[in-house]
Amino acid sequence: MEQVLAPHAAIAVLDPPELKHAPVYRYNRFFRPMVEKFIADDMEVMAVIREPRSWLGSWYRYRQRSFLDGQPQSTSGLSFEAFVKGYLARPRKSFANIGSQAKFLEPRPNGTIVNHLFRYENLEDAIAFLQSRLGLEISLPQKNVSPYADLTLSKETEAALRAQCSHDFRLWESLG
């Protein structure tokens, strides 16, 4: 999306990843005051989330890439089962320290919220929304696709994931 929309944006944050993928609290603290002061005071926030297990699978596959070999974040040589167990551990293992989508989107005390939330699995809904709002025809190229990996989980680990991350599952399911 950033590649397609950046040429049409007043502001495009492409790096670093901590700003590029800003949670609501970071948007509220850094971007919202600037945007409201210089651009508009009626900004709306849009986000896309993945089904929680799929989201974990994406992180797991991404962290298998060779540029992370030897780093604490690497999942090279780990099964998805081990990755998810590392995610559920307290404290989280460094290779699975990736936060939570529900926490990422958590409303702020001053009322800053995500106004428009879409499922990644139905990305065409987000694209239709953007096309309508921006008056643009949007065609997304296939980019940044992580390599295939087996994402099998035992029933026990799946149950533990659903129990511990119920807020993430509820949020995604609420978009049904």
# chains A, B, ... in the order shown; residues from 1 in each chain; ligands from 1
call {"tool": "residues_around", "arguments": {"residues": "Ile98 in chain A", "least_positions_apart": "2", "cutoff": "9 Å", "atoms": "only C-alpha atoms", "output": "list in words"}}
result
Leu56, Trp59, Tyr87, Arg92, Ser94, Phe95, Ala96 and Ser100 of chain A
call {"tool": "write_last_selection", "arguments": {"atoms": "C-alpha atoms", "output": "JSON list (two decimals), in the first residue's frame"}}
result
[["chain", "number", "residue", "atom", "x", "y", "z"],
["A", 56, "LEU", "CA", 2.02, -14.95, 14.09],
["A", 59, "TRP", "CA", 6.17, -12.95, 11.77],
["A", 87, "TYR", "CA", 5.34, -15.95, 22.11],
["A", 92, "ARG", "CA", 8.50, -13.58, 25.71],
["A", 94, "SER", "CA", 13.37, -12.56, 21.88],
["A", 95, "PHE", "CA", 12.57, -14.35, 18.61],
["A", 96, "ALA", "CA", 8.84, -13.94, 19.39],
["A", 100, "SER", "CA", -0.18, -7.77, 20.17]]
call {"tool": "select_by_dssp", "arguments": {"residues": "chain A", "states": "strand (DSSP E or B)", "output": "list in words"}}
result
Met46, Ala47, Val48, Ile49, His116, Leu117, Phe118 and Arg119 of chain A
call {"tool": "write_last_selection", "arguments": {"atoms": "N, CA and C atoms", "output": "mmCIF file, in the first residue's frame"}}
result
data_model
loop_
_atom_site.group_PDB
_atom_site.id
_atom_site.type_symbol
_atom_site.label_atom_id
_atom_site.label_comp_id
_atom_site.auth_asym_id
_atom_site.auth_seq_id
_atom_site.Cartn_x
_atom_site.Cartn_y
_atom_site.Cartn_z
ATOM 1 N N MET A 46 -7.069 4.590 9.966
ATOM 2 C CA MET A 46 -7.436 3.332 9.330
ATOM 3 C C MET A 46 -6.349 2.310 9.629
ATOM 4 N N ALA A 47 -6.742 1.060 9.811
ATOM 5 C CA ALA A 47 -5.768 -0.003 10.052
ATOM 6 C C ALA A 47 -6.276 -1.308 9.442
ATOM 7 N N VAL A 48 -5.330 -2.198 9.231
ATOM 8 C CA VAL A 48 -5.619 -3.536 8.722
ATOM 9 C C VAL A 48 -4.993 -4.517 9.703
ATOM 10 N N ILE A 49 -5.773 -5.538 10.113
ATOM 11 C CA ILE A 49 -5.230 -6.569 11.000
ATOM 12 C C ILE A 49 -5.405 -7.940 10.371
ATOM 13 N N HIS A 116 -11.482 3.092 11.209
ATOM 14 C CA HIS A 116 -11.802 2.147 10.132
ATOM 15 C C HIS A 116 -10.817 0.984 10.217
ATOM 16 N N LEU A 117 -11.333 -0.194 10.561
ATOM 17 C CA LEU A 117 -10.502 -1.370 10.750
ATOM 18 C C LEU A 117 -10.941 -2.456 9.778
ATOM 19 N N PHE A 118 -9.967 -3.030 9.088
ATOM 20 C CA PHE A 118 -10.240 -4.033 8.063
ATOM 21 C C PHE A 118 -9.438 -5.296 8.318
ATOM 22 N N ARG A 119 -9.998 -6.414 7.876
ATOM 23 C CA ARG A 119 -9.287 -7.687 7.924
ATOM 24 C C ARG A 119 -8.324 -7.770 6.746
#
call {"tool": "closest_residue", "arguments": {"among": "A:His21, A:Arg162, A:Ile39, A:Glu156", "to": "Ala9 in chain A", "atoms": "only C-alpha atoms"}}
result
A:Ile39
call {"tool": "atom_distance", "arguments": {"atom1": "CA of Leu161 in chain A", "atom2": "CA of Glu51 in chain A"}}
result
12.4 Å
call {"tool": "residues_around", "arguments": {"residues": "range 138-152 of chain A", "least_positions_apart": "4", "cutoff": "8 Å", "atoms": "only C-alpha atoms", "output": "list in words"}}
result
Met1, Val4, Gly57, Ser58, Arg61, Tyr62, Arg65, Ser79, Phe80, Glu81, Ile127 and Gln131 of chain A
call {"tool": "residues_around", "arguments": {"residues": "Leu105 in chain A", "least_positions_apart": "5", "cutoff": "9 Å", "atoms": "only C-alpha atoms", "output": "list in words"}}
result
Pro23, Val24, Tyr25, Ala47, Ser100, Ile113 and Val114 of chain A
call {"tool": "write_last_selection", "arguments": {"atoms": "N, CA and C atoms", "output": "compact mmCIF listing (two decimals), in the first residue's frame"}}
result
# COMPACT_ATOMS: atom_id res chain seq x y z
N PRO A 23 1.81 2.15 16.24
CA PRO A 23 0.61 1.81 17.00
C PRO A 23 -0.17 3.09 17.31
N VAL A 24 -1.41 2.93 17.73
CA VAL A 24 -2.25 4.09 18.01
C VAL A 24 -1.59 5.01 19.04
N TYR A 25 -0.96 4.45 20.08
CA TYR A 25 -0.35 5.32 21.09
C TYR A 25 0.77 6.17 20.48
N ALA A 47 -6.74 1.06 9.81
CA ALA A 47 -5.77 0.00 10.05
C ALA A 47 -6.28 -1.31 9.44
N SER A 100 1.20 -7.31 20.33
CA SER A 100 -0.18 -7.77 20.17
C SER A 100 -0.90 -6.80 19.25
N ILE A 113 -8.72 6.91 18.32
CA ILE A 113 -9.08 5.52 18.03
C ILE A 113 -8.82 5.21 16.56
N VAL A 114 -8.90 3.94 16.24
CA VAL A 114 -8.91 3.51 14.84
C VAL A 114 -10.37 3.60 14.40
call {"tool": "atom_distance", "arguments": {"atom1": "CA of Phe169 in chain A", "atom2": "CA of Thr157 in chain A"}}
result
14.9 Å
call {"tool": "residues_around", "arguments": {"residues": "range 17-19 of chain A", "least_positions_apart": "3", "cutoff": "12 Å", "atoms": "only C-alpha atoms", "output": "PDB file with C-alpha atoms, in the first residue's frame"}}
result
ATOM      1  CA  ALA A  12       4.681   9.383   3.861  1.00  0.00           C
ATOM      2  CA  VAL A  13       6.552   7.678   6.681  1.00  0.00           C
ATOM      3  CA  LEU A  14       8.631   4.951   5.062  1.00  0.00           C
ATOM      4  CA  ALA A  22       2.960   3.133  14.338  1.00  0.00           C
ATOM      5  CA  PRO A  23       0.608   1.813  16.997  1.00  0.00           C
ATOM      6  CA  VAL A  24      -2.251   4.091  18.012  1.00  0.00           C
ATOM      7  CA  TYR A  25      -0.349   5.322  21.091  1.00  0.00           C
ATOM      8  CA  ARG A  26       2.621   6.400  18.929  1.00  0.00           C
ATOM      9  CA  TYR A  27       0.351   7.995  16.311  1.00  0.00           C
ATOM     10  CA  ASN A  28      -1.418   9.845  19.130  1.00  0.00           C
ATOM     11  CA  ARG A  29       1.811  11.058  20.697  1.00  0.00           C
ATOM     12  CA  PHE A  30       3.838  12.046  17.626  1.00  0.00           C
ATOM     13  CA  PHE A  31       1.767  12.244  14.450  1.00  0.00           C
ATOM     14  CA  ILE A  98       6.291  -8.938  18.667  1.00  0.00           C
ATOM     15  CA  PHE A 104      -1.270  -1.951  18.837  1.00  0.00           C
TER      16      PHE A 104
END
call {"tool": "select_by_dssp", "arguments": {"residues": "range 48-161 of chain A", "states": "helix (DSSP H, G or I)", "output": "PyMOL selection string"}}
result
chain A and resi 52-62+66-68+80-88+94-96+101-104+120-134+155-161
call {"tool": "atom_distance", "arguments": {"atom1": "CA of Gly86 in chain A", "atom2": "CA of Trp55 in chain A"}}
result
14.8 Å
call {"tool": "closest_residue", "arguments": {"among": "A:Ser76, A:Ala102, A:Val84, A:Val35", "to": "Ser174 in chain A", "atoms": "only C-alpha atoms"}}
result
A:Ala102
call {"tool": "closest_residue", "arguments": {"among": "A:Arg63, A:Ala89, A:Pro16, A:Pro33", "to": "Gly77 in chain A", "atoms": "only C-alpha atoms"}}
result
A:Arg63
call {"tool": "closest_residue", "arguments": {"among": "A:Pro52, A:Ala82, A:Leu134, A:Ala128", "to": "Arg170 in chain A", "atoms": "only C-alpha atoms"}}
result
A:Pro52
